[in-house]
Amino acid sequence: MNRVVTRRSKGAIFLVALAALLFAFVVLPIQLAGAHANQIRSSPAANSVLDEPPDRIIVWFSEEIEASLSQVRVLDELAREVDNGDSAISPTEPTALIATLPELANGTYTVVWRNLSTVDGHRVVGSFRFAIGEPLSEGAGLSVESQPLVQSGADPWLRWTFFIGALGLTGILLFDLLVVRAMLRSDDTDRLSPVLFRRLQTSTAKLMLVSIGLMAFGMVALLVQQASVTFEVSFYRVFGDPLRTVLESEWGRLWTWRAIAVVSAGVMVFLARRSVLDNEPETPEEEPDEEESGDEYEPDETAFTESVFGGLALASALAVLGLTSLSSHNAAVPVELRTPAIISDFLHLIAASAWVGGLFFIALAIPQLFRSASPEIQMSQLIPLLKRFTPIAVVSAGTVVVTGLFAGYMQVTIPAATNTPYGWALVAKLVLLVPLFAIAGANSYIVSRRLLRSGPFQFRSLVRSEALLGLLVLAALGWMVGLEPARQFAGRTGIGVSDSVTFSDFAEGANVDVKIDPGDVGVNAVAVSLTDRRGSPITNANDVRVRLKFLEDDLGEPLVSLIDQGGGVWVGDDFNITIGGVYQVEVRVIRPDAFDALTSFRFDAAPVAAAADAIRPTQTVTWTLFAIELLIIGLLFLFVGVPMLEGVISASRAVMVPGAALSLVGIVLLLNAQVFRAGFPEDRFNPFPLNSESIELGSAPYATTCAACHGITGLGDGPQAGELASPPADLSVHVPLHADSDLFGFIRDGIPGTAMPGQDGVLTEDQMWHLVNFLRTFEQ
């Protein structure tokens with residue numbers, strides 16, 4: 001049977017592969033979310049003391065959570081549940097969890113919540129307290145389960161098993177496509193003999209089946225673990241309702257699609273094996289002699305990826321990696337950053353597959369291929385194969401580095417966050433990469449200098465060492481995927497987040513040292529210390545005045561005189577910051593023997609509950625790094641492709657065209673991030689202060705354009721709400737999540753996919769800004 005693939009069938013294979021990837025990324029109704037849904041705020045606020053009992057509890061999280069597996073409860077001082085037992089996700093804001101309350105008596109209450117990420121299934125627990133009618137009781141805090149470091153002790157190793165299988169399968173198929181298939185097309189002497197080629201294909205088939213087995217085991221074990229952890233039962237008790245409930249969740253649906261891709265890969269590999277191997281002509285299994293390296297190829301010699309089933313197997317393997325990226329930590333970033341983050345993660349997995357998977361193949365299959373051949377035959381057959389793999393390894397290793405650095409910024413963000421469990425795993429991964437690159441360089445030197453004849457054993461040992469280090473790197477990756485992202489852990493535990501805000505300046509002969517404690521939303525203390533050039537206290541100041549000015553709105557904050565404590569120290573302990581955002585601290589020092597000393601600085605005040613989300617990658621830096629990443633990858637392709645011009649022009653073109661395209665896209669994105677800024681949010685502040693006059697002016701457009709759907713009180717219960725396909729947003733839940741500029745954009749442009757139309761041309765810009773201020777009255 002002649003299995004030479006025509007150009008049309010080859011094109012069909014790649015079209016099918018492209019369709020599979022598009023299906024995985026676009027068609028599948030996968031809901032993206034992050035890796036750990038941490039609390040960012042609540043109503044009532046944590047540690048707040050209320051005059052009147054609230055009618056409900058609202059907890060906002062940093063990402064969307066699983067409705068059926070998330071809950072919020074309210075307990076009194078005797079640990080009795082006092083809420084109405086109706087905990088639920090807000091119908092219009094999937095990041096908010098709500099529970100209604102009966103009329104509560106005065107006292108201290110503890111809110112206990114737990115949730116499940118809609119993508120990677122990580123469970124997060126937490127609690128906070130509030131009081132009604134009296135101060136918080138010191139002994140009222142209840143013991144609440146702490147957030148686990150990992151899902152279970154087996155979790156990192158199960159993920160490791162899955163990654164070995166997924167990257168191994170994809171890497172072997174890419175090796176077959178880019179190396180073996182290229183050697184079959186070669187017209188020079190860089191070819192494998194027929195007997196060696198058949199041995200290579202047999203080893204390839206075995207390694208692919210082992211990889212699929214590892215993937216399948218990892219997938220099933222992670223599912224059982226998820227049900228066990230979620231319902232807090234032993235693994236052998238998960239079968240039934242726990243397993244069914246988990247599979248019905250968003251995480252379970254993503255798991256199901258990934259399992260389908262794994263099964264598809266297994267079926268396609270089995271069929272490709274039968275297509276390629278079972279129809280091989282009978283050939284005696286004799287060992288090749290030295291002349292075999294020059295044997296002519298016969299038409300029946302076919303690479304796995306030249307068969308339709310092999311091409312579909314590669315498409316399925318890539319789909320597994322793509323779906324894995326959709327559940328990675330890079331999906332934990334803010335919505336506006338998810339596209340570059342997920343693409344970068346996908347490129348990282350493909351590059352790791354091509355590099356590490358190729359190493360597994362060389363370490364395990366090649367020794368079997370040459371198990372009884374002489375060193376001369378080994379060198380004549382192995383060097384051409386490795387020469388083709390070297391440029392692939394160069395591009396892949398470079399891509400792994402640049403995409404890894406990008407992921408490091410997205411998940412660590414600040415240097416201090418490396419002092420976290422995730423950061424330690426990242427450091428371990430980087431440490432392992434150093435000898436891995438060193439050994440890779442040594443192997444490249446051996447191949448380039450044609451030293452295999454004098455030291456084949458040394459070469460085989462280096463390759464095996466390189467593959468072993470690759471396994472250890474994947475182990476570090478398994479831990480990283482199972483751990484909470486470093487920036488979230490650091491923000492939640494206070495690592496890298498200052499307990500206060502400090503500033504120093506020299507003005508009019510005075511050193512002015514300012515400290516604001518804690519520098520968050522709530523009551524803050526301000527201390528100003530005055531010294532002269534020699535460091536001696538300035539004790540003759542008549543007055544020191546301070547103003548904390550909110551930059552997003554003009555709230556009319558006055559200059560407040562501090563109290564002289566003596567020794568050049570002035571303090572004030574009642575500066576109340578009620579709104580999170582950027583503040584400008586203005587300090588005026590009045591002295592009888594010098595001009596007034598004026599200085600100012602800015603800082604960002606965040607709600608205490610938002611600490612877990614306080615460390616965030618910025619949009620400008622993210623897109624800039626992503627652009628640089630694509631540019632570097634493109635240059636790597638060009639670097640590898642230029643030497644090929646001396647050989648096969650078509651091969652050089654196949655490498656250089658994508659390289660040029662990636663470089664061009666990188667340059668365009670870099671210019672946009674730094675210069676044009678298309679698609680970036682407008683840096684606009686509300687020109688009108690949040691006062692009674694502006695609120696009154698905003699009430700009229702609300703009544704005429706909003707109340708019919710959102711209702712008079714903003715709860716989404718307007719007279720026309722029932723006629724809409726999707727319920728209007730509960731503004732008391734929705735408004736606190738957005739800045740004034742975001743709310744202005746929603747009003748002006750509407751919200752795609754909902755019944756809310758834009759008001760551009762209906763309301764003036766001033767009316768829309770006043771309406772934003774009116775919407776702020778719905779915040780609880």
# chains A, B, ... in the order shown; residues from 1 in each chain; ligands from 1
call {"tool": "select_by_dssp", "arguments": {"residues": "segment 464-594 of chain A", "states": "helix (DSSP H, G or I)", "output": "JSON, numbers by chain"}}
result
{"A": [464, 465, 466, 467, 468, 469, 470, 471, 472, 473, 474, 475, 476, 477, 478, 479, 480, 481, 482, 486, 487, 488, 489, 490, 491, 492, 493]}
call {"tool": "residues_around", "arguments": {"residues": "Thr170 of chain A", "least_positions_apart": "3", "cutoff": "9 Å", "atoms": "only C-alpha atoms", "output": "short mmCIF file (atom, residue, chain, number, x, y, z; two decimals) with C-alpha atoms, in the first residue's frame"}}
result
data_model
loop_
_atom_site.label_atom_id
_atom_site.label_comp_id
_atom_site.auth_asym_id
_atom_site.auth_seq_id
_atom_site.Cartn_x
_atom_site.Cartn_y
_atom_site.Cartn_z
CA GLY A 165 2.22 12.75 29.50
CA ALA A 166 0.86 15.87 27.77
CA LEU A 167 4.23 17.43 26.96
CA LEU A 173 4.64 14.18 17.59
CA LEU A 174 6.41 17.49 16.95
CA PHE A 175 9.73 15.60 16.72
CA MET A 208 3.21 7.87 22.60
CA ALA A 313 -3.33 13.08 17.03
CA LEU A 314 -1.11 16.16 16.96
CA ALA A 317 -2.48 16.95 21.72
CA LEU A 318 -2.35 20.68 20.98
CA LEU A 321 -2.37 22.00 25.86
CA ILE A 350 4.18 24.13 23.03
CA SER A 353 6.80 20.13 24.54
CA ALA A 354 9.07 20.56 21.53
CA GLY A 357 9.45 16.08 24.71
#
call {"tool": "residues_around", "arguments": {"residues": "segment 58-66 of chain A", "least_positions_apart": "2", "cutoff": "7 Å", "atoms": "only C-alpha atoms", "output": "PyMOL selection string"}}
result
chain A and resi 33-34+37-43+56+68-70+94-99+115-118+249-250+613
call {"tool": "residues_around", "arguments": {"residues": "Ala351 of chain A", "least_positions_apart": "6", "cutoff": "10 Å", "atoms": "only C-alpha atoms", "output": "NGL selection string"}}
result
:A and (167 or 170-171 or 345 or 357 or 392-401 or 403)
call {"tool": "residues_around", "arguments": {"residues": "Pro102 of chain A", "least_positions_apart": "5", "cutoff": "10 Å", "atoms": "only C-alpha atoms", "output": "list in words"}}
result
Pro53, Pro54, Asp55, Arg56, Val82, Asp83 and Asn84 of chain A
call {"tool": "write_last_selection", "arguments": {"atoms": "N, CA and C atoms", "output": "PDB file, in the first residue's frame"}}
result
ATOM      1  N   PRO A  53     -28.851  46.958  61.936  1.00  0.00           N
ATOM      2  CA  PRO A  53     -28.524  45.645  61.361  1.00  0.00           C
ATOM      3  C   PRO A  53     -28.692  45.648  59.849  1.00  0.00           C
ATOM      4  N   PRO A  54     -27.802  44.995  59.122  1.00  0.00           N
ATOM      5  CA  PRO A  54     -27.932  44.915  57.663  1.00  0.00           C
ATOM      6  C   PRO A  54     -28.997  43.884  57.287  1.00  0.00           C
ATOM      7  N   ASP A  55     -29.526  44.026  56.075  1.00  0.00           N
ATOM      8  CA  ASP A  55     -30.534  43.055  55.630  1.00  0.00           C
ATOM      9  C   ASP A  55     -29.921  41.935  54.784  1.00  0.00           C
ATOM     10  N   ARG A  56     -28.613  42.063  54.465  1.00  0.00           N
ATOM     11  CA  ARG A  56     -27.936  41.003  53.714  1.00  0.00           C
ATOM     12  C   ARG A  56     -26.430  41.175  53.833  1.00  0.00           C
ATOM     13  N   VAL A  82     -27.061  32.254  61.714  1.00  0.00           N
ATOM     14  CA  VAL A  82     -28.191  33.174  61.893  1.00  0.00           C
ATOM     15  C   VAL A  82     -28.678  33.777  60.577  1.00  0.00           C
ATOM     16  N   ASP A  83     -28.083  33.405  59.452  1.00  0.00           N
ATOM     17  CA  ASP A  83     -28.572  33.921  58.174  1.00  0.00           C
ATOM     18  C   ASP A  83     -29.795  33.117  57.756  1.00  0.00           C
ATOM     19  N   ASN A  84     -30.385  33.471  56.617  1.00  0.00           N
ATOM     20  CA  ASN A  84     -31.602  32.810  56.144  1.00  0.00           C
ATOM     21  C   ASN A  84     -31.326  31.542  55.346  1.00  0.00           C
TER      22      ASN A  84
END
call {"tool": "closest_residue", "arguments": {"among": "A:Lys515, A:Arg129, A:Arg258, A:Arg80", "to": "Ile57 of chain A", "atoms": "only C-alpha atoms"}}
result
A:Arg129
call {"tool": "residues_around", "arguments": {"residues": "Leu214 of chain A", "least_positions_apart": "6", "cutoff": "8 Å", "atoms": "only C-alpha atoms", "output": "number ranges by chain"}}
result
A: 161-162, 164-165
call {"tool": "closest_residue", "arguments": {"among": "A:Pro91, A:Gly358, A:Gly107, A:Gly522", "to": "Leu78 of chain A", "atoms": "only C-alpha atoms"}}
result
A:Gly107
call {"tool": "atom_distance", "arguments": {"atom1": "atom CA of Pro701 of chain A", "atom2": "atom CA of Leu731 of chain A"}}
result
15.5 Å
call {"tool": "closest_residue", "arguments": {"among": "A:Gly581, A:Ala660, A:Trp251, A:Ile590", "to": "Asn540 of chain A", "atoms": "only C-alpha atoms"}}
result
A:Ile590
call {"tool": "select_by_dssp", "arguments": {"residues": "segment 106-138 of chain A", "states": "strand (DSSP E or B)", "output": "VMD selection string"}}
result
chain A and resid 107 to 117 123 to 132
